[in-house]
$ cat my_file03.cif   # mmCIF, C-alpha atoms
data_input
#
loop_
_atom_site.group_PDB
_atom_site.id
_atom_site.type_symbol
_atom_site.label_atom_id
_atom_site.label_comp_id
_atom_site.auth_asym_id
_atom_site.auth_seq_id
_atom_site.Cartn_x
_atom_site.Cartn_y
_atom_site.Cartn_z
ATOM 1 C CA LEU A 806 86.910 58.862 135.810
ATOM 2 C CA ILE A 807 83.474 59.723 137.183
ATOM 3 C CA ILE A 808 83.259 58.908 140.874
ATOM 4 C CA MET A 809 79.749 58.081 141.976
ATOM 5 C CA PRO A 810 78.858 59.004 145.548
ATOM 6 C CA ARG A 811 78.425 55.959 147.792
ATOM 7 C CA ALA A 812 74.791 55.420 148.834
ATOM 8 C CA PRO A 813 74.468 55.577 152.648
ATOM 9 C CA ILE A 814 73.370 52.321 154.294
ATOM 10 C CA VAL A 815 72.180 51.492 157.817
ATOM 11 C CA GLY A 816 71.805 47.966 159.152
ATOM 12 C CA GLY A 817 69.800 47.171 162.275
ATOM 13 C CA ASN A 818 71.188 44.042 163.933
ATOM 14 C CA TRP A 819 68.549 42.794 166.368
ATOM 15 C CA LYS A 820 70.927 40.101 167.666
ATOM 16 C CA CYS A 821 69.241 37.412 169.810
ATOM 17 C CA ASN A 822 66.433 39.684 171.004
ATOM 18 C CA LEU A 823 62.623 40.089 170.975
ATOM 19 C CA ASP A 824 59.612 37.802 171.125
ATOM 20 C CA LYS A 825 56.779 37.643 168.589
ATOM 21 C CA ALA A 826 54.949 40.625 170.055
ATOM 22 C CA GLY A 827 58.159 42.660 170.215
ATOM 23 C CA VAL A 828 58.925 41.911 166.572
ATOM 24 C CA ALA A 829 55.413 42.948 165.486
ATOM 25 C CA ALA A 830 55.685 46.241 167.399
ATOM 26 C CA LEU A 831 59.149 46.989 166.010
ATOM 27 C CA VAL A 832 58.116 46.253 162.411
ATOM 28 C CA GLU A 833 55.139 48.575 162.821
ATOM 29 C CA SER A 834 57.343 51.411 164.023
ATOM 30 C CA LEU A 835 59.894 50.762 161.230
ATOM 31 C CA ASN A 836 57.113 50.932 158.640
ATOM 32 C CA GLY A 837 56.278 54.431 159.831
ATOM 33 C CA MET A 838 59.876 55.597 159.479
ATOM 34 C CA ASP A 839 61.304 57.984 156.909
ATOM 35 C CA CYS A 840 64.151 56.232 155.052
ATOM 36 C CA THR A 841 64.715 58.974 152.483
ATOM 37 C CA GLY A 842 68.306 59.171 151.329
ATOM 38 C CA CYS A 843 69.339 55.945 153.027
ATOM 39 C CA GLU A 844 69.320 52.221 152.331
ATOM 40 C CA VAL A 845 67.975 50.342 155.374
ATOM 41 C CA VAL A 846 68.437 46.643 156.170
ATOM 42 C CA VAL A 847 67.102 44.918 159.300
ATOM 43 C CA CYS A 848 68.502 41.679 160.701
ATOM 44 C CA PRO A 849 66.003 39.679 162.770
ATOM 45 C CA VAL A 850 66.576 36.342 164.487
ATOM 46 C CA GLY A 851 66.128 33.415 162.070
ATOM 47 C CA VAL A 852 62.802 32.235 163.517
ATOM 48 C CA HIS A 853 61.344 35.730 163.020
ATOM 49 C CA ILE A 854 62.458 36.252 159.416
ATOM 50 C CA ASP A 855 59.224 35.059 157.831
ATOM 51 C CA SER A 856 56.992 37.399 159.817
ATOM 52 C CA VAL A 857 59.350 40.352 159.239
ATOM 53 C CA VAL A 858 59.640 39.765 155.485
ATOM 54 C CA SER A 859 55.859 39.462 155.157
ATOM 55 C CA LYS A 860 55.107 42.664 157.116
ATOM 56 C CA ILE A 861 58.013 45.051 156.513
ATOM 57 C CA LYS A 862 57.428 47.702 153.860
ATOM 58 C CA ALA A 863 59.771 48.708 151.055
ATOM 59 C CA PRO A 864 62.335 50.190 150.829
ATOM 60 C CA ILE A 865 63.486 48.339 153.990
ATOM 61 C CA GLU A 866 65.139 45.002 153.231
ATOM 62 C CA VAL A 867 65.777 41.978 155.458
ATOM 63 C CA ALA A 868 69.005 40.123 156.304
ATOM 64 C CA GLY A 869 69.825 36.880 158.023
ATOM 65 C CA GLN A 870 72.316 37.271 160.895
ATOM 66 C CA ASN A 871 74.394 34.314 159.683
ATOM 67 C CA CYS A 872 74.213 31.350 157.322
ATOM 68 C CA ASN A 873 75.710 27.947 156.676
ATOM 69 C CA PHE A 874 78.975 27.504 154.727
ATOM 70 C CA LYS A 875 77.226 25.178 152.252
ATOM 71 C CA GLY A 876 73.682 24.648 150.993
ATOM 72 C CA ASN A 877 70.938 22.434 152.394
ATOM 73 C CA GLY A 878 71.792 19.033 153.834
ATOM 74 C CA ALA A 879 72.975 17.319 156.999
ATOM 75 C CA PHE A 880 73.923 20.482 158.933
ATOM 76 C CA THR A 881 71.853 20.348 162.119
ATOM 77 C CA GLY A 882 71.107 23.749 163.603
ATOM 78 C CA GLU A 883 72.103 25.677 160.491
ATOM 79 C CA VAL A 884 70.231 27.882 158.020
ATOM 80 C CA SER A 885 71.431 27.934 154.416
ATOM 81 C CA ALA A 886 71.799 30.918 152.096
ATOM 82 C CA ASP A 887 69.375 29.091 149.785
ATOM 83 C CA GLN A 888 66.738 29.121 152.539
ATOM 84 C CA LEU A 889 67.335 32.774 153.393
ATOM 85 C CA ALA A 890 66.909 33.735 149.734
ATOM 86 C CA ASP A 891 63.788 31.583 149.493
ATOM 87 C CA MET A 892 62.351 33.340 152.573
ATOM 88 C CA GLY A 893 62.745 36.709 150.876
ATOM 89 C CA CYS A 894 65.971 37.873 152.514
ATOM 90 C CA LYS A 895 68.109 40.027 150.250
ATOM 91 C CA TRP A 896 71.069 40.116 152.633
ATOM 92 C CA VAL A 897 73.047 38.159 155.210
ATOM 93 C CA VAL A 898 75.481 39.361 157.879
ATOM 94 C CA LEU A 899 78.711 37.363 158.046
ATOM 95 C CA GLY A 900 81.680 37.476 160.405
ATOM 96 C CA HIS A 901 80.050 39.457 163.194
ATOM 97 C CA SER A 902 82.434 39.724 166.140
ATOM 98 C CA GLU A 903 80.034 37.674 168.280
ATOM 99 C CA ARG A 904 80.140 34.861 165.687
ATOM 100 C CA ARG A 905 83.934 35.008 165.564
ATOM 101 C CA GLU A 906 84.232 35.146 169.366
ATOM 102 C CA TYR A 907 81.561 32.783 170.725
ATOM 103 C CA PHE A 908 81.139 30.424 167.784
ATOM 104 C CA LYS A 909 84.793 30.298 166.760
ATOM 105 C CA GLU A 910 84.204 31.267 163.135
ATOM 106 C CA ASP A 911 87.592 31.881 161.543
ATOM 107 C CA ASN A 912 88.712 33.677 158.380
ATOM 108 C CA GLU A 913 88.724 30.478 156.344
ATOM 109 C CA ILE A 914 85.136 29.431 157.126
ATOM 110 C CA LEU A 915 83.990 33.023 156.578
ATOM 111 C CA LYS A 916 85.546 33.059 153.124
ATOM 112 C CA THR A 917 83.611 29.868 152.307
ATOM 113 C CA LYS A 918 80.387 31.397 153.689
ATOM 114 C CA LEU A 919 80.868 34.647 151.767
ATOM 115 C CA GLU A 920 81.527 32.830 148.523
ATOM 116 C CA TYR A 921 78.491 30.588 148.974
ATOM 117 C CA ALA A 922 76.094 33.389 150.036
ATOM 118 C CA LEU A 923 77.100 35.509 147.031
ATOM 119 C CA SER A 924 76.611 32.522 144.706
ATOM 120 C CA LYS A 925 72.991 32.333 145.895
ATOM 121 C CA GLY A 926 72.336 35.982 145.049
ATOM 122 C CA LEU A 927 72.450 37.348 148.602
ATOM 123 C CA LYS A 928 74.215 40.611 149.324
ATOM 124 C CA VAL A 929 76.510 40.495 152.339
ATOM 125 C CA ILE A 930 77.402 42.756 155.243
ATOM 126 C CA PHE A 931 80.873 41.430 156.049
ATOM 127 C CA CYS A 932 82.158 42.354 159.517
ATOM 128 C CA ILE A 933 85.747 42.930 160.556
ATOM 129 C CA GLY A 934 87.407 44.581 163.553
ATOM 130 C CA GLU A 935 89.851 44.380 166.414
ATOM 131 C CA LYS A 936 89.663 43.742 170.163
ATOM 132 C CA LEU A 937 90.811 46.161 172.864
ATOM 133 C CA GLU A 938 94.209 44.552 173.436
ATOM 134 C CA GLU A 939 94.845 44.560 169.675
ATOM 135 C CA ARG A 940 94.045 48.254 169.397
ATOM 136 C CA GLU A 941 96.144 49.096 172.439
ATOM 137 C CA SER A 942 99.125 47.245 170.995
ATOM 138 C CA GLY A 943 98.761 49.104 167.666
ATOM 139 C CA LYS A 944 97.541 46.091 165.700
ATOM 140 C CA THR A 945 94.213 47.462 164.428
ATOM 141 C CA MET A 946 95.096 47.395 160.733
ATOM 142 C CA GLU A 947 97.050 44.157 161.019
ATOM 143 C CA VAL A 948 93.882 42.468 162.304
ATOM 144 C CA CYS A 949 91.572 44.120 159.742
ATOM 145 C CA LYS A 950 93.908 43.184 156.878
ATOM 146 C CA SER A 951 94.146 39.576 158.095
ATOM 147 C CA GLN A 952 90.324 39.391 158.038
ATOM 148 C CA LEU A 953 90.024 40.981 154.570
ATOM 149 C CA GLU A 954 92.981 39.289 152.872
ATOM 150 C CA PRO A 955 91.278 35.870 152.339
ATOM 151 C CA VAL A 956 88.122 37.478 150.869
ATOM 152 C CA LYS A 957 89.675 40.322 148.877
ATOM 153 C CA GLY A 958 88.880 38.644 145.553
ATOM 154 C CA LEU A 959 85.179 38.442 146.479
ATOM 155 C CA LEU A 960 84.684 42.097 147.359
ATOM 156 C CA LYS A 961 82.466 43.969 144.928
ATOM 157 C CA ALA A 962 80.803 47.282 145.682
ATOM 158 C CA ASP A 963 77.351 46.215 144.510
ATOM 159 C CA THR A 964 77.188 42.970 146.518
ATOM 160 C CA VAL A 965 79.302 43.466 149.652
ATOM 161 C CA VAL A 966 79.250 46.088 152.387
ATOM 162 C CA ILE A 967 82.080 46.018 154.921
ATOM 163 C CA ALA A 968 81.175 46.710 158.542
ATOM 164 C CA TYR A 969 84.100 47.832 160.681
ATOM 165 C CA GLU A 970 83.381 46.913 164.295
ATOM 166 C CA PRO A 971 85.906 48.004 166.871
ATOM 167 C CA VAL A 972 85.045 45.048 169.116
ATOM 168 C CA TRP A 973 86.160 47.027 172.184
ATOM 169 C CA ALA A 974 83.401 49.557 171.474
ATOM 170 C CA ILE A 975 80.499 47.083 171.235
ATOM 171 C CA GLY A 976 78.151 47.060 174.177
ATOM 172 C CA THR A 977 80.904 48.461 176.400
ATOM 173 C CA GLY A 978 79.740 52.053 176.250
ATOM 174 C CA LYS A 979 83.184 52.902 174.840
ATOM 175 C CA THR A 980 82.951 54.450 171.416
ATOM 176 C CA ALA A 981 85.744 55.151 169.007
ATOM 177 C CA THR A 982 85.974 58.918 168.560
ATOM 178 C CA PRO A 983 84.886 60.096 165.099
ATOM 179 C CA GLU A 984 88.585 60.775 164.417
ATOM 180 C CA GLN A 985 89.564 57.200 165.369
ATOM 181 C CA ALA A 986 86.705 55.746 163.325
ATOM 182 C CA GLN A 987 87.485 57.863 160.249
ATOM 183 C CA GLU A 988 91.196 57.052 160.491
ATOM 184 C CA THR A 989 90.537 53.293 160.502
ATOM 185 C CA HIS A 990 87.902 53.497 157.746
ATOM 186 C CA LYS A 991 90.382 55.469 155.613
ATOM 187 C CA GLN A 992 93.126 52.895 156.258
ATOM 188 C CA ILE A 993 90.745 50.061 155.325
ATOM 189 C CA ARG A 994 89.902 51.867 152.072
ATOM 190 C CA GLU A 995 93.619 52.448 151.383
ATOM 191 C CA TYR A 996 94.297 48.728 151.865
ATOM 192 C CA LEU A 997 91.387 47.860 149.531
ATOM 193 C CA ALA A 998 92.858 50.237 146.933
ATOM 194 C CA THR A 999 95.910 47.952 146.742
ATOM 195 C CA VAL A 1000 93.490 45.191 145.688
ATOM 196 C CA ASP A 1001 91.366 47.241 143.262
ATOM 197 C CA PRO A 1002 91.249 51.070 143.332
ATOM 198 C CA ALA A 1003 87.812 51.346 141.702
ATOM 199 C CA MET A 1004 86.285 48.830 144.129
ATOM 200 C CA ALA A 1005 87.900 50.604 147.095
ATOM 201 C CA GLU A 1006 86.395 53.917 146.030
ATOM 202 C CA ALA A 1007 82.916 52.450 145.496
ATOM 203 C CA ILE A 1008 82.545 49.892 148.305
ATOM 204 C CA ARG A 1009 80.638 51.013 151.382
ATOM 205 C CA ILE A 1010 82.183 50.743 154.836
ATOM 206 C CA GLN A 1011 79.783 50.901 157.773
ATOM 207 C CA TYR A 1012 80.808 51.796 161.291
ATOM 208 C CA GLY A 1013 79.640 49.183 163.797
ATOM 209 C CA GLY A 1014 80.826 50.380 167.197
ATOM 210 C CA SER A 1015 77.814 51.312 169.310
ATOM 211 C CA ALA A 1016 76.348 53.906 166.966
ATOM 212 C CA ASN A 1017 73.483 55.861 168.536
ATOM 213 C CA ALA A 1018 71.424 58.999 167.966
ATOM 214 C CA LYS A 1019 73.950 61.094 169.888
ATOM 215 C CA ASN A 1020 77.123 60.158 168.008
ATOM 216 C CA ALA A 1021 75.577 59.518 164.556
ATOM 217 C CA PRO A 1022 75.714 63.131 163.257
ATOM 218 C CA GLU A 1023 79.435 63.498 163.971
ATOM 219 C CA LEU A 1024 80.280 60.045 162.605
ATOM 220 C CA SER A 1025 78.145 60.708 159.496
ATOM 221 C CA ALA A 1026 80.279 63.747 158.691
ATOM 222 C CA CYS A 1027 83.364 61.516 158.255
ATOM 223 C CA PRO A 1028 84.115 61.040 154.547
ATOM 224 C CA ASP A 1029 84.982 57.326 154.733
ATOM 225 C CA ILE A 1030 82.050 56.295 156.955
ATOM 226 C CA ASP A 1031 79.228 55.271 154.630
ATOM 227 C CA GLY A 1032 76.728 54.099 157.213
ATOM 228 C CA PHE A 1033 76.217 52.138 160.403
ATOM 229 C CA LEU A 1034 75.620 48.615 161.570
ATOM 230 C CA VAL A 1035 73.528 49.396 164.632
ATOM 231 C CA GLY A 1036 73.094 46.945 167.514
ATOM 232 C CA GLY A 1037 71.040 47.756 170.618
ATOM 233 C CA ALA A 1038 69.854 51.120 169.300
ATOM 234 C CA SER A 1039 68.146 49.401 166.341
ATOM 235 C CA LEU A 1040 65.501 48.110 168.771
ATOM 236 C CA LYS A 1041 64.706 51.643 169.965
ATOM 237 C CA PRO A 1042 62.982 54.684 168.448
ATOM 238 C CA GLU A 1043 66.406 56.362 168.081
ATOM 239 C CA PHE A 1044 67.069 54.072 165.073
ATOM 240 C CA ALA A 1045 65.033 56.574 163.050
ATOM 241 C CA ASP A 1046 67.255 59.419 164.308
ATOM 242 C CA ILE A 1047 70.403 57.541 163.260
ATOM 243 C CA ILE A 1048 68.999 57.110 159.735
ATOM 244 C CA LYS A 1049 68.028 60.769 159.594
ATOM 245 C CA ALA A 1050 71.482 61.862 160.795
ATOM 246 C CA LEU A 1051 73.219 59.735 158.173
ATOM 247 C CA ALA A 1052 70.989 60.942 155.330
ATOM 248 C CA ALA A 1053 71.622 64.562 156.382
ATOM 249 C CA GLY A 1054 75.361 64.022 156.770
ATOM 250 C CA LYS A 1055 75.703 62.526 153.294
ATOM 251 C CA LYS A 1056 73.537 64.986 151.349
#
$ encode --input "my_file03.cif" --output "structure tokens"
Amino acid sequence: LIIMPRAPIVGGNWKCNLDKAGVAALVESLNGMDCTGCEVVVCPVGVHIDSVVSKIKAPIEVAGQNCNFKGNGAFTGEVSADQLADMGCKWVVLGHSERREYFKEDNEILKTKLEYALSKGLKVIFCIGEKLEERESGKTMEVCKSQLEPVKGLLKADTVVIAYEPVWAIGTGKTATPEQAQETHKQIREYLATVDPAMAEAIRIQYGGSANAKNAPELSACPDIDGFLVGGASLKPEFADIIKALAAGKK
């Protein structure tokens, strides 16, 4: 069995941020960035996707931050996977902790979304992760498994990236230590191996808990961390440093 190394991948989740001028400035700085040795995906707000797709330079690709559970139709306020693909998006983020928390997206609807997005040729960054009280009561893997179980049959290494977000470490300034992050990533991979060992070995698992330029080198050295889903830091110049750190750590 020849095991191919997993290609490092960084996602920049812009969340609900920036105006037109801010987007233009950020795209310009991203276009001047060195992405050698790393796959890079940026996730703008829906209304900004068109201008980002038209101005961003390869190899950087663009993702929607969410999509509808079905195609076009009577779904006011939604954006379909069909429309994202038509706009030139190659990716969509699904199941982000903020979607689960504020917009009450549950495992069942996320399975439907994942299935539909994949059927339209989009690749997916699928987010999972536990809250502080769940970690403190030792339920981290119970939660992660419950989020992966419904979608396990849809997970393929070439179309899905898993983003592990310790929800307690997002925007709180608390970060999982590299040891904690590696331990959970390893346990996620071990669970996936019970589904399909080859897929588990090949699928990429990003760390999504407040990654920044300071902690990226240490996290990149962890064998089961294949990249980052970056939040606030993806709007700052340090995004380039995170990419550089990951590429160096995975050489």
$ resolve_selection --input "my_file03.cif" --expression "the PyMOL selection byres ((chain A and resi 891-900) around 10)" --output "PyMOL selection string"
chain A and resi 816+818+846-848+854-859+866-873+885-890+901-906+910-912+914-916+918-919+922-923+925-934+952+964-968+1034
$ closest_residue --input "my_file03.cif" --among "A:Lys1049, A:Lys825, A:Lys961, A:Arg1009" --to "Ala812 of chain A" --atoms "only C-alpha atoms"
A:Arg1009
$ residues_near_point --input "my_file03.cif" --point "(85.3, 55.8, 170.0)" --cutoff "10 Å" --atoms "only C-alpha atoms" --output "VMD selection string"
chain A and resid 971 973 to 974 978 to 986 1014 to 1016 1020 1024
$ resolve_selection --input "my_file03.cif" --expression "the PyMOL selection byres ((chain A and resi 1042) around 10)" --output "number ranges by chain"
A: 831, 834-835, 838, 1018, 1038-1041, 1043-1047
$ residues_near_point --input "my_file03.cif" --point "(96.0, 44.0, 156.3)" --cutoff "12 Å" --atoms "only C-alpha atoms" --output "compact mmCIF listing (two decimals) with C-alpha atoms, keeping the file's coordinate frame"
# COMPACT_ATOMS: atom_id res chain seq x y z
CA ILE A 933 85.75 42.93 160.56
CA GLY A 934 87.41 44.58 163.55
CA GLU A 935 89.85 44.38 166.41
CA LYS A 944 97.54 46.09 165.70
CA THR A 945 94.21 47.46 164.43
CA MET A 946 95.10 47.40 160.73
CA GLU A 947 97.05 44.16 161.02
CA VAL A 948 93.88 42.47 162.30
CA CYS A 949 91.57 44.12 159.74
CA LYS A 950 93.91 43.18 156.88
CA SER A 951 94.15 39.58 158.10
CA GLN A 952 90.32 39.39 158.04
CA LEU A 953 90.02 40.98 154.57
CA GLU A 954 92.98 39.29 152.87
CA PRO A 955 91.28 35.87 152.34
CA VAL A 956 88.12 37.48 150.87
CA LYS A 957 89.68 40.32 148.88
CA THR A 989 90.54 53.29 160.50
CA GLN A 992 93.13 52.90 156.26
CA ILE A 993 90.74 50.06 155.32
CA ARG A 994 89.90 51.87 152.07
CA GLU A 995 93.62 52.45 151.38
CA TYR A 996 94.30 48.73 151.86
CA LEU A 997 91.39 47.86 149.53
CA ALA A 998 92.86 50.24 146.93
CA THR A 999 95.91 47.95 146.74
CA VAL A 1000 93.49 45.19 145.69
$ residues_around --input "my_file03.cif" --residues "Cys843 of chain A" --least-positions-apart "5" --cutoff "7 Å" --atoms "only C-alpha atoms" --output "PyMOL selection string"
chain A and resi 812-814+1048+1052
